[in-house]
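Next up, data-v7.cif (mmCIF, C-alpha atoms and all ligand atoms):
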```cif
data_upload
#
loop_
_atom_site.label_atom_id
_atom_site.label_comp_id
_atom_site.auth_asym_id
_atom_site.auth_seq_id
_atom_site.Cartn_x
_atom_site.Cartn_y
_atom_site.Cartn_z
CA MET X 166 -16.86 -9.41 -1.37
CA GLY X 167 -14.41 -8.48 -4.11
CA PHE X 168 -12.53 -5.24 -4.64
CA LEU X 169 -14.11 -2.37 -6.56
CA THR X 170 -11.65 -0.06 -8.33
CA VAL X 171 -12.84 2.96 -10.30
CA ILE X 172 -10.41 4.51 -12.78
CA ALA X 173 -11.05 8.23 -13.31
CA SER X 174 -9.47 11.51 -14.37
CA GLY X 175 -10.47 15.11 -14.91
CA LYS X 176 -8.90 15.32 -18.39
CA GLY X 177 -9.20 12.94 -21.34
CA GLY X 178 -6.43 10.74 -22.75
CA THR X 179 -4.53 10.37 -19.47
CA GLY X 180 -4.40 6.56 -19.65
CA LYS X 181 -7.53 5.40 -17.78
CA SER X 182 -8.47 2.66 -20.23
CA THR X 183 -4.86 1.52 -20.52
CA LEU X 184 -4.60 1.25 -16.72
CA SER X 185 -7.97 -0.54 -16.52
CA VAL X 186 -6.85 -3.22 -18.98
CA GLY X 187 -3.34 -3.38 -17.49
CA LEU X 188 -4.72 -3.99 -14.00
CA ALA X 189 -7.15 -6.62 -15.30
CA CYS X 190 -4.22 -8.46 -16.94
CA ALA X 191 -2.09 -8.14 -13.80
CA PHE X 192 -4.88 -9.65 -11.66
CA GLN X 193 -5.46 -12.38 -14.24
CA LYS X 194 -1.77 -13.30 -13.95
CA ARG X 195 -2.37 -13.76 -10.21
CA GLY X 196 -5.29 -16.13 -10.92
CA ARG X 197 -8.01 -13.63 -9.97
CA LYS X 198 -11.41 -13.39 -11.65
CA VAL X 199 -11.95 -9.89 -13.03
CA LEU X 200 -14.93 -7.94 -14.38
CA LEU X 201 -14.12 -4.83 -16.43
CA ILE X 202 -16.96 -2.35 -16.90
CA ASP X 203 -16.58 0.31 -19.58
CA VAL X 204 -18.80 3.31 -18.79
CA ASP X 205 -17.21 5.72 -21.26
CA GLU X 206 -20.46 6.16 -23.21
CA GLY X 207 -19.99 6.94 -26.87
CA LEU X 208 -16.18 6.78 -26.69
CA ARG X 209 -16.11 3.18 -25.39
CA CYS X 210 -12.89 1.40 -26.23
CA LEU X 211 -12.23 -1.64 -24.01
CA ASP X 212 -13.84 -3.96 -26.59
CA LEU X 213 -11.38 -2.58 -29.17
CA MET X 214 -8.43 -2.97 -26.82
CA PHE X 215 -9.28 -6.66 -26.39
CA GLY X 216 -10.12 -7.11 -30.08
CA VAL X 217 -13.64 -8.40 -29.33
CA SER X 218 -15.85 -5.70 -30.91
CA ASP X 219 -17.33 -8.21 -33.37
CA ARG X 220 -18.67 -10.29 -30.49
CA LEU X 221 -20.42 -7.42 -28.69
CA VAL X 222 -24.18 -7.60 -28.46
CA PHE X 223 -25.21 -5.92 -25.19
CA ASP X 224 -23.89 -3.17 -22.96
CA ILE X 225 -24.30 -1.83 -19.42
CA GLY X 226 -27.52 -0.04 -20.44
CA ASP X 227 -29.16 -3.43 -21.11
CA ILE X 228 -28.54 -4.46 -17.50
CA ILE X 229 -29.38 -1.15 -15.86
CA ASN X 230 -32.29 0.09 -17.97
CA TYR X 231 -33.77 -3.17 -19.31
CA SER X 232 -32.94 -5.62 -16.48
CA LYS X 233 -31.13 -8.02 -18.81
CA PRO X 234 -29.44 -10.78 -16.75
CA LEU X 235 -25.74 -10.22 -16.09
CA ASP X 236 -24.79 -13.56 -17.63
CA ASP X 237 -26.41 -12.58 -20.94
CA VAL X 238 -24.49 -9.29 -21.10
CA VAL X 239 -20.95 -10.07 -19.92
CA LEU X 240 -18.49 -11.07 -22.60
CA ASN X 241 -15.64 -13.34 -21.60
CA VAL X 242 -12.68 -11.73 -23.40
CA THR X 243 -9.96 -14.06 -22.17
CA GLU X 244 -9.38 -16.47 -19.31
CA ASN X 245 -10.75 -14.96 -16.08
CA ILE X 246 -11.50 -11.55 -17.62
CA ASP X 247 -15.13 -10.59 -18.36
CA LEU X 248 -16.19 -7.33 -19.99
CA ILE X 249 -19.36 -5.27 -19.91
CA ALA X 250 -19.22 -2.73 -22.73
CA ALA X 251 -20.33 0.90 -22.62
CA PRO X 252 -23.38 2.12 -24.54
CA ALA X 253 -22.62 3.48 -28.01
CA THR X 254 -24.67 6.61 -27.34
CA LEU X 255 -24.74 9.17 -24.52
CA ASN X 256 -27.14 8.86 -21.57
CA GLY X 257 -27.38 5.13 -22.21
CA TYR X 258 -27.86 4.10 -18.57
CA ASP X 259 -29.20 5.37 -15.25
CA LYS X 260 -26.23 6.39 -13.02
CA LYS X 261 -28.00 5.91 -9.69
CA ARG X 262 -29.06 2.38 -10.54
CA PHE X 263 -25.53 1.69 -11.80
CA GLY X 264 -24.24 2.42 -8.27
CA GLU X 265 -26.72 -0.12 -6.87
CA PHE X 266 -25.65 -2.67 -9.50
CA LEU X 267 -21.99 -2.30 -8.40
CA HIS X 268 -22.98 -3.32 -4.88
CA SER X 269 -24.40 -6.61 -6.13
CA VAL X 270 -21.78 -7.52 -8.75
CA THR X 271 -18.73 -7.32 -6.45
CA ASP X 272 -19.85 -10.60 -4.83
CA ARG X 273 -19.24 -12.47 -8.07
CA TYR X 274 -15.68 -11.38 -8.88
CA ASP X 275 -12.36 -10.94 -7.08
CA HIS X 276 -12.00 -7.55 -8.78
CA VAL X 277 -14.45 -5.23 -10.51
CA ILE X 278 -12.74 -2.43 -12.44
CA VAL X 279 -14.76 0.51 -13.80
CA ASP X 280 -13.23 2.50 -16.67
CA CYS X 281 -14.76 6.01 -16.47
CA PRO X 282 -15.11 8.82 -18.98
CA ALA X 283 -12.98 11.91 -18.29
CA GLY X 284 -14.57 14.72 -16.34
CA LEU X 285 -16.42 15.73 -13.23
CA ASP X 286 -19.76 13.96 -13.44
CA VAL X 287 -21.17 14.63 -9.96
CA GLU X 288 -24.18 12.38 -10.48
CA PHE X 289 -21.93 9.45 -11.41
CA PHE X 290 -19.50 9.88 -8.50
CA ASN X 291 -22.32 10.40 -6.00
CA ALA X 292 -23.79 7.05 -7.06
CA LEU X 293 -20.58 5.07 -6.43
CA PRO X 294 -20.53 2.75 -3.40
CA ILE X 295 -18.46 4.32 -0.62
CA PHE X 296 -16.22 1.23 -0.44
CA SER X 297 -14.92 1.99 -3.98
CA GLU X 298 -11.24 2.75 -4.37
CA VAL X 299 -10.83 5.50 -6.96
CA LEU X 300 -7.57 5.83 -8.88
CA ILE X 301 -7.13 9.23 -10.52
CA VAL X 302 -4.80 8.89 -13.50
CA GLU X 303 -2.83 11.99 -14.45
CA PRO X 304 0.52 12.98 -15.95
CA LEU X 305 3.12 14.65 -13.73
CA ASP X 306 2.38 18.26 -14.61
CA MET X 307 0.51 21.28 -13.25
CA ILE X 308 -2.62 20.57 -15.27
CA GLY X 309 -2.76 16.98 -14.06
CA CYS X 310 -2.20 18.21 -10.54
CA ARG X 311 -5.08 20.67 -10.63
CA SER X 312 -7.32 18.14 -12.35
CA ALA X 313 -6.60 15.55 -9.63
CA ALA X 314 -7.22 18.08 -6.84
CA THR X 315 -10.57 19.12 -8.32
CA LEU X 316 -11.71 15.52 -8.73
CA GLU X 317 -10.55 14.67 -5.21
CA THR X 318 -12.72 17.46 -3.76
CA LEU X 319 -15.73 16.13 -5.62
CA LEU X 320 -15.10 12.51 -4.50
CA HIS X 321 -14.59 13.64 -0.92
CA ALA X 322 -18.00 15.37 -1.04
CA ALA X 323 -19.47 12.11 -2.40
CA GLY X 324 -18.19 10.33 0.73
CA ILE X 325 -15.52 8.25 -1.01
CA LYS X 326 -12.49 7.94 1.23
CA HIS X 327 -10.16 5.69 -0.73
CA VAL X 328 -8.87 8.01 -3.45
CA PHE X 329 -5.33 7.73 -4.83
CA LEU X 330 -3.25 9.08 -7.66
CA VAL X 331 -1.55 7.14 -10.46
CA ILE X 332 1.08 9.10 -12.37
CA ASN X 333 1.07 7.90 -15.97
CA ARG X 334 3.49 8.39 -18.87
CA PHE X 335 6.25 9.11 -16.40
CA ASP X 336 9.57 10.03 -17.99
CA TYR X 337 12.54 10.23 -15.65
CA PHE X 338 14.56 12.41 -18.00
CA VAL X 339 11.72 14.93 -18.35
CA LEU X 340 11.50 15.07 -14.54
CA LYS X 341 15.26 15.63 -14.27
CA GLY X 342 15.21 18.40 -16.87
CA ASN X 343 12.22 20.23 -15.40
CA SER X 344 12.31 21.39 -11.82
CA THR X 345 8.75 22.81 -11.78
CA LEU X 346 7.04 19.73 -10.30
CA SER X 347 8.19 16.67 -8.36
CA LEU X 348 6.30 13.66 -7.00
CA ASP X 349 6.34 15.33 -3.57
CA ASP X 350 4.85 18.51 -5.06
CA ILE X 351 2.00 16.63 -6.68
CA VAL X 352 1.20 14.90 -3.37
CA ASP X 353 1.21 18.27 -1.59
CA LYS X 354 -0.81 20.12 -4.22
CA SER X 355 -3.39 17.43 -4.96
CA GLY X 356 -3.75 16.17 -1.38
CA LEU X 357 -3.53 12.60 -2.70
CA MET X 358 -1.17 9.73 -1.98
CA ILE X 359 0.41 8.02 -4.98
CA ARG X 360 -0.68 4.42 -5.72
CA GLY X 361 1.74 3.95 -8.58
CA VAL X 362 3.94 5.49 -11.25
CA VAL X 363 3.60 4.07 -14.77
CA PRO X 364 6.51 4.87 -17.09
CA TYR X 365 6.08 6.14 -20.62
CA ASP X 366 6.02 2.96 -22.70
CA PRO X 367 6.16 3.39 -26.50
CA ASN X 368 4.75 -0.13 -26.99
CA LEU X 369 1.37 0.66 -25.46
CA PRO X 370 -0.36 2.62 -28.26
CA LEU X 371 0.42 -0.08 -30.82
CA LEU X 372 -0.66 -2.95 -28.56
CA SER X 373 -3.93 -1.14 -27.82
CA ALA X 374 -4.57 -0.28 -31.45
CA GLU X 375 -3.97 -3.88 -32.52
CA GLY X 376 -6.46 -5.15 -29.95
CA LYS X 377 -3.79 -7.27 -28.31
CA LEU X 378 -3.48 -7.96 -24.63
CA PHE X 379 -0.55 -6.49 -22.85
CA ASP X 380 2.82 -7.90 -23.54
CA ARG X 381 3.85 -9.27 -20.18
CA ASN X 382 7.41 -8.06 -20.79
CA CYS X 383 6.63 -4.42 -21.52
CA VAL X 384 7.82 -1.97 -18.85
CA ALA X 385 4.36 -0.58 -18.15
CA PHE X 386 3.12 -4.06 -17.24
CA ARG X 387 5.57 -4.22 -14.33
CA ALA X 388 4.04 -0.98 -13.02
CA PHE X 389 0.50 -2.36 -13.44
CA CYS X 390 1.52 -5.43 -11.41
CA ARG X 391 2.87 -3.27 -8.59
CA ILE X 392 -0.38 -1.24 -8.49
CA ALA X 393 -2.43 -4.47 -8.57
CA ASP X 394 -0.51 -5.77 -5.53
CA ARG X 395 -1.01 -2.50 -3.66
CA LEU X 396 -4.76 -2.65 -4.37
CA GLU X 397 -4.73 -6.00 -2.58
CA ALA X 398 -2.99 -4.32 0.37
CA LYS X 399 0.43 -5.78 -0.35
CA ASP X 400 3.29 -3.50 0.57
CA VAL X 401 5.21 -2.88 -2.66
CA PRO X 402 7.76 -0.05 -2.47
CA LEU X 403 8.19 2.31 -5.40
CA PRO X 404 11.34 1.32 -7.28
CA LYS X 405 13.95 3.95 -8.07
CA LEU X 406 12.39 6.40 -10.54
CA ASN X 407 15.22 5.91 -13.04
CA ASN X 408 14.50 2.17 -13.07
CA LEU X 409 10.74 1.73 -13.16
N1 LIG K 1 2.26 4.81 -20.00
C1 LIG K 1 2.00 5.07 -21.28
N2 LIG K 1 3.01 5.16 -22.18
C2 LIG K 1 2.76 5.43 -23.48
N3 LIG K 1 1.54 5.59 -24.01
C3 LIG K 1 0.48 5.49 -23.16
C4 LIG K 1 0.65 5.23 -21.76
N4 LIG K 1 -0.58 5.19 -21.20
C5 LIG K 1 -1.46 5.41 -22.19
N5 LIG K 1 -0.83 5.59 -23.36
C6 LIG K 1 -1.46 5.86 -24.67
O1 LIG K 1 -2.20 7.08 -24.56
C7 LIG K 1 -3.40 7.02 -25.33
C8 LIG K 1 -4.58 7.34 -24.44
O2 LIG K 1 -4.67 6.32 -23.45
P1 LIG K 1 -6.09 5.83 -22.91
O3 LIG K 1 -5.83 4.74 -21.94
O4 LIG K 1 -7.02 5.55 -24.04
O5 LIG K 1 -6.57 7.17 -22.15
P2 LIG K 1 -8.00 7.52 -21.54
O6 LIG K 1 -8.75 6.25 -21.32
O7 LIG K 1 -7.69 8.23 -20.26
O8 LIG K 1 -8.67 8.43 -22.53
C9 LIG K 1 -3.43 5.62 -25.94
O9 LIG K 1 -2.91 5.67 -27.23
C10 LIG K 1 -2.51 4.81 -25.04
O10 LIG K 1 -1.92 3.70 -25.70
MG MG K 2 -10.65 5.66 -21.96
#
```

Represent the structure contained in this file as structure tokens.
Amino acid sequence: MGFLTVIASGKGGTGKSTLSVGLACAFQKRGRKVLLIDVDEGLRCLDLMFGVSDRLVFDIGDIINYSKPLDDVVLNVTENIDLIAAPATLNGYDKKRFGEFLHSVTDRYDHVIVDCPAGLDVEFFNALPIFSEVLIVEPLDMIGCRSAATLETLLHAAGIKHVFLVINRFDYFVLKGNSTLSLDDIVDKSGLMIRGVVPYDPNLPLLSAEGKLFDRNCVAFRAFCRIADRLEAKDVPLPKLNNL
């Protein structure tokens, strides 16, 4: 059975889709077969980030609600990375049956990565298989901290034990100049261990907007590779924060 990683956050715009694509590319580099599932209904964006919107025909709702075969719906976006797009409208698929679908699809891939909408959708999180690993993506600030803690409580109630934090848009100089929150504080306040720290990378918005895959040399990609290794249980220490 492959790994199932769910990328979530309380607030919007924290970098969930960026991390989802970054991890997919990091696993691809390691020769793994990856399925990305976009469930951000209405705001879907993974097809745009891969520049494949013109090729989209079906979405996750076609599998869940209309029993369309998986092979008809998945879009191969690049070598070893398949995508299932999100519905263009809200309430486009049944959440409970989506959870059951995740059980079956993990047999076919090394990694299944689910890119979630922001927020605290109890029905969605309750439907997730308990073997899911959930990565909560937040910035290093008080709002991110509270958002992560709230989501963690909800996931705990849903029976999901593997829940970790990814700090995104990390800026060492902002941390140095602001003594209100440290990495230790965010661990204490959110009750979550940190899976990775992704630096602020000015290249990312442009690469996403142009529908290009990640530049393997950009600094964020190194962080995605470290997180990918940790997801496969490899022991990768956090580099010095001033040299991410
Ligand atoms: N580490 C980062 N450094 C710089 N910009 C980032 C970083 N992570 C995400 N972004 C940018 O932030 C915006 C929101 O990211 P996105 O992944 O779409 O967030 P979400 O899926 O949580 O709404 C995008 O323009 C993206 O390129
Ligand atoms: Mg997103």

Hey, which residues come within 8 Å of ligand MG 2 (chain K) if we count only C-alpha atoms and all ligand atoms? Could you give them as a VMD selection string?
chain X and resid 177 to 178 180 to 183 205 208 to 211 280 to 283

Save the residues we just selected, C-alpha atoms, as a PDB file, keeping the file's coordinate frame?
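The resulting file, selection13.pdb, is shown below:
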```
ATOM      1  CA  GLY X 177      -9.200  12.940 -21.340  1.00  0.00           C
ATOM      2  CA  GLY X 178      -6.430  10.740 -22.750  1.00  0.00           C
ATOM      3  CA  GLY X 180      -4.400   6.560 -19.650  1.00  0.00           C
ATOM      4  CA  LYS X 181      -7.530   5.400 -17.780  1.00  0.00           C
ATOM      5  CA  SER X 182      -8.470   2.660 -20.230  1.00  0.00           C
ATOM      6  CA  THR X 183      -4.860   1.520 -20.520  1.00  0.00           C
ATOM      7  CA  ASP X 205     -17.210   5.720 -21.260  1.00  0.00           C
ATOM      8  CA  LEU X 208     -16.180   6.780 -26.690  1.00  0.00           C
ATOM      9  CA  ARG X 209     -16.110   3.180 -25.390  1.00  0.00           C
ATOM     10  CA  CYS X 210     -12.890   1.400 -26.230  1.00  0.00           C
ATOM     11  CA  LEU X 211     -12.230  -1.640 -24.010  1.00  0.00           C
ATOM     12  CA  ASP X 280     -13.230   2.500 -16.670  1.00  0.00           C
ATOM     13  CA  CYS X 281     -14.760   6.010 -16.470  1.00  0.00           C
ATOM     14  CA  PRO X 282     -15.110   8.820 -18.980  1.00  0.00           C
ATOM     15  CA  ALA X 283     -12.980  11.910 -18.290  1.00  0.00           C
TER      16      ALA X 283
END
```

Give the residues close to ligand LIG 1 (chain K), within 7 Å, counting all atoms listed in the file; write them as a CSV table (one decimal) with C-alpha atoms, in the coordinates of the input.
```csv
chain,number,residue,atom,x,y,z
X,174,SER,CA,-9.5,11.5,-14.4
X,177,GLY,CA,-9.2,12.9,-21.3
X,178,GLY,CA,-6.4,10.7,-22.8
X,179,THR,CA,-4.5,10.4,-19.5
X,180,GLY,CA,-4.4,6.6,-19.6
X,181,LYS,CA,-7.5,5.4,-17.8
X,182,SER,CA,-8.5,2.7,-20.2
X,183,THR,CA,-4.9,1.5,-20.5
X,184,LEU,CA,-4.6,1.2,-16.7
X,283,ALA,CA,-13.0,11.9,-18.3
X,333,ASN,CA,1.1,7.9,-16.0
X,334,ARG,CA,3.5,8.4,-18.9
X,335,PHE,CA,6.2,9.1,-16.4
X,363,VAL,CA,3.6,4.1,-14.8
X,364,PRO,CA,6.5,4.9,-17.1
X,365,TYR,CA,6.1,6.1,-20.6
X,366,ASP,CA,6.0,3.0,-22.7
X,367,PRO,CA,6.2,3.4,-26.5
X,368,ASN,CA,4.8,-0.1,-27.0
X,369,LEU,CA,1.4,0.7,-25.5
X,370,PRO,CA,-0.4,2.6,-28.3
X,371,LEU,CA,0.4,-0.1,-30.8
X,373,SER,CA,-3.9,-1.1,-27.8
X,385,ALA,CA,4.4,-0.6,-18.2
```

Considering only C-alpha atoms, return as a ChimeraX atom specification whatever protein or nucleic-acid residues lie within 12 Å of range 238-249 of chain X, sequence-local ones (same chain, fewer than 4 positions apart) excluded.
/X:185-206,209-229,231-234,270,273-280,376-378

Keeping only C-alpha atoms, write those residues as a CSV table (one decimal), keeping the file's coordinate frame.
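out-v3.csv, freshly written:
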```csv
chain,number,residue,atom,x,y,z
X,185,SER,CA,-8.0,-0.5,-16.5
X,186,VAL,CA,-6.8,-3.2,-19.0
X,187,GLY,CA,-3.3,-3.4,-17.5
X,188,LEU,CA,-4.7,-4.0,-14.0
X,189,ALA,CA,-7.2,-6.6,-15.3
X,190,CYS,CA,-4.2,-8.5,-16.9
X,191,ALA,CA,-2.1,-8.1,-13.8
X,192,PHE,CA,-4.9,-9.6,-11.7
X,193,GLN,CA,-5.5,-12.4,-14.2
X,194,LYS,CA,-1.8,-13.3,-14.0
X,195,ARG,CA,-2.4,-13.8,-10.2
X,196,GLY,CA,-5.3,-16.1,-10.9
X,197,ARG,CA,-8.0,-13.6,-10.0
X,198,LYS,CA,-11.4,-13.4,-11.6
X,199,VAL,CA,-12.0,-9.9,-13.0
X,200,LEU,CA,-14.9,-7.9,-14.4
X,201,LEU,CA,-14.1,-4.8,-16.4
X,202,ILE,CA,-17.0,-2.4,-16.9
X,203,ASP,CA,-16.6,0.3,-19.6
X,204,VAL,CA,-18.8,3.3,-18.8
X,205,ASP,CA,-17.2,5.7,-21.3
X,206,GLU,CA,-20.5,6.2,-23.2
X,209,ARG,CA,-16.1,3.2,-25.4
X,210,CYS,CA,-12.9,1.4,-26.2
X,211,LEU,CA,-12.2,-1.6,-24.0
X,212,ASP,CA,-13.8,-4.0,-26.6
X,213,LEU,CA,-11.4,-2.6,-29.2
X,214,MET,CA,-8.4,-3.0,-26.8
X,215,PHE,CA,-9.3,-6.7,-26.4
X,216,GLY,CA,-10.1,-7.1,-30.1
X,217,VAL,CA,-13.6,-8.4,-29.3
X,218,SER,CA,-15.8,-5.7,-30.9
X,219,ASP,CA,-17.3,-8.2,-33.4
X,220,ARG,CA,-18.7,-10.3,-30.5
X,221,LEU,CA,-20.4,-7.4,-28.7
X,222,VAL,CA,-24.2,-7.6,-28.5
X,223,PHE,CA,-25.2,-5.9,-25.2
X,224,ASP,CA,-23.9,-3.2,-23.0
X,225,ILE,CA,-24.3,-1.8,-19.4
X,226,GLY,CA,-27.5,0.0,-20.4
X,227,ASP,CA,-29.2,-3.4,-21.1
X,228,ILE,CA,-28.5,-4.5,-17.5
X,229,ILE,CA,-29.4,-1.2,-15.9
X,231,TYR,CA,-33.8,-3.2,-19.3
X,232,SER,CA,-32.9,-5.6,-16.5
X,233,LYS,CA,-31.1,-8.0,-18.8
X,234,PRO,CA,-29.4,-10.8,-16.8
X,270,VAL,CA,-21.8,-7.5,-8.8
X,273,ARG,CA,-19.2,-12.5,-8.1
X,274,TYR,CA,-15.7,-11.4,-8.9
X,275,ASP,CA,-12.4,-10.9,-7.1
X,276,HIS,CA,-12.0,-7.6,-8.8
X,277,VAL,CA,-14.4,-5.2,-10.5
X,278,ILE,CA,-12.7,-2.4,-12.4
X,279,VAL,CA,-14.8,0.5,-13.8
X,280,ASP,CA,-13.2,2.5,-16.7
X,376,GLY,CA,-6.5,-5.2,-30.0
X,377,LYS,CA,-3.8,-7.3,-28.3
X,378,LEU,CA,-3.5,-8.0,-24.6
```

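Counting only C-alpha atoms, the residue from X:Pro402, X:Gly167, X:Gly356, X:Pro252 that sits nearest to Ala314 in chain X is X:Gly356.
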
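For the set X:Leu396, X:Leu403, X:Val287, X:Ile332, the residue with the smallest atom-to-atom gap to Leu357 in chain X is X:Ile332, counting all atoms listed in the file.
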
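Closest approach to Ala173 in chain X among X:Cys310, X:Leu372, X:Ala388, X:Val302 is made by X:Val302 (distances from all atoms listed in the file).
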
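The space separating CA of Leu300 in chain X from CA of Phe338 in chain X comes to 24.8 Å.
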
So which residues fall inside 6 Å of (0.6, 5.6, -9.6) if we count only C-alpha atoms? Mind giving them as a ChimeraX atom specification?
/X:330-332,359-362

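Straight-line separation from CA of Arg395 in chain X to CA of Ala250 in chain X: 26.4 Å.
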
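One distance worth recording is that between CA of Ile325 in chain X and CA of Glu288 in chain X, which is 13.5 Å.
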
Do you know which residues are at most 10 Å from Ser355 in chain X counting only C-alpha atoms, after dropping those on the same chain fewer than 6 positions away, and could you put them as an mmCIF file with C-alpha atoms, in the frame of the given file?
```cif
data_model
loop_
_atom_site.group_PDB
_atom_site.id
_atom_site.type_symbol
_atom_site.label_atom_id
_atom_site.label_comp_id
_atom_site.auth_asym_id
_atom_site.auth_seq_id
_atom_site.Cartn_x
_atom_site.Cartn_y
_atom_site.Cartn_z
ATOM 1 C CA MET X 307 0.510 21.280 -13.250
ATOM 2 C CA GLY X 309 -2.760 16.980 -14.060
ATOM 3 C CA CYS X 310 -2.200 18.210 -10.540
ATOM 4 C CA ARG X 311 -5.080 20.670 -10.630
ATOM 5 C CA SER X 312 -7.320 18.140 -12.350
ATOM 6 C CA ALA X 313 -6.600 15.550 -9.630
ATOM 7 C CA ALA X 314 -7.220 18.080 -6.840
ATOM 8 C CA THR X 315 -10.570 19.120 -8.320
ATOM 9 C CA LEU X 316 -11.710 15.520 -8.730
ATOM 10 C CA GLU X 317 -10.550 14.670 -5.210
ATOM 11 C CA THR X 318 -12.720 17.460 -3.760
ATOM 12 C CA PHE X 329 -5.330 7.730 -4.830
ATOM 13 C CA LEU X 330 -3.250 9.080 -7.660
#
```
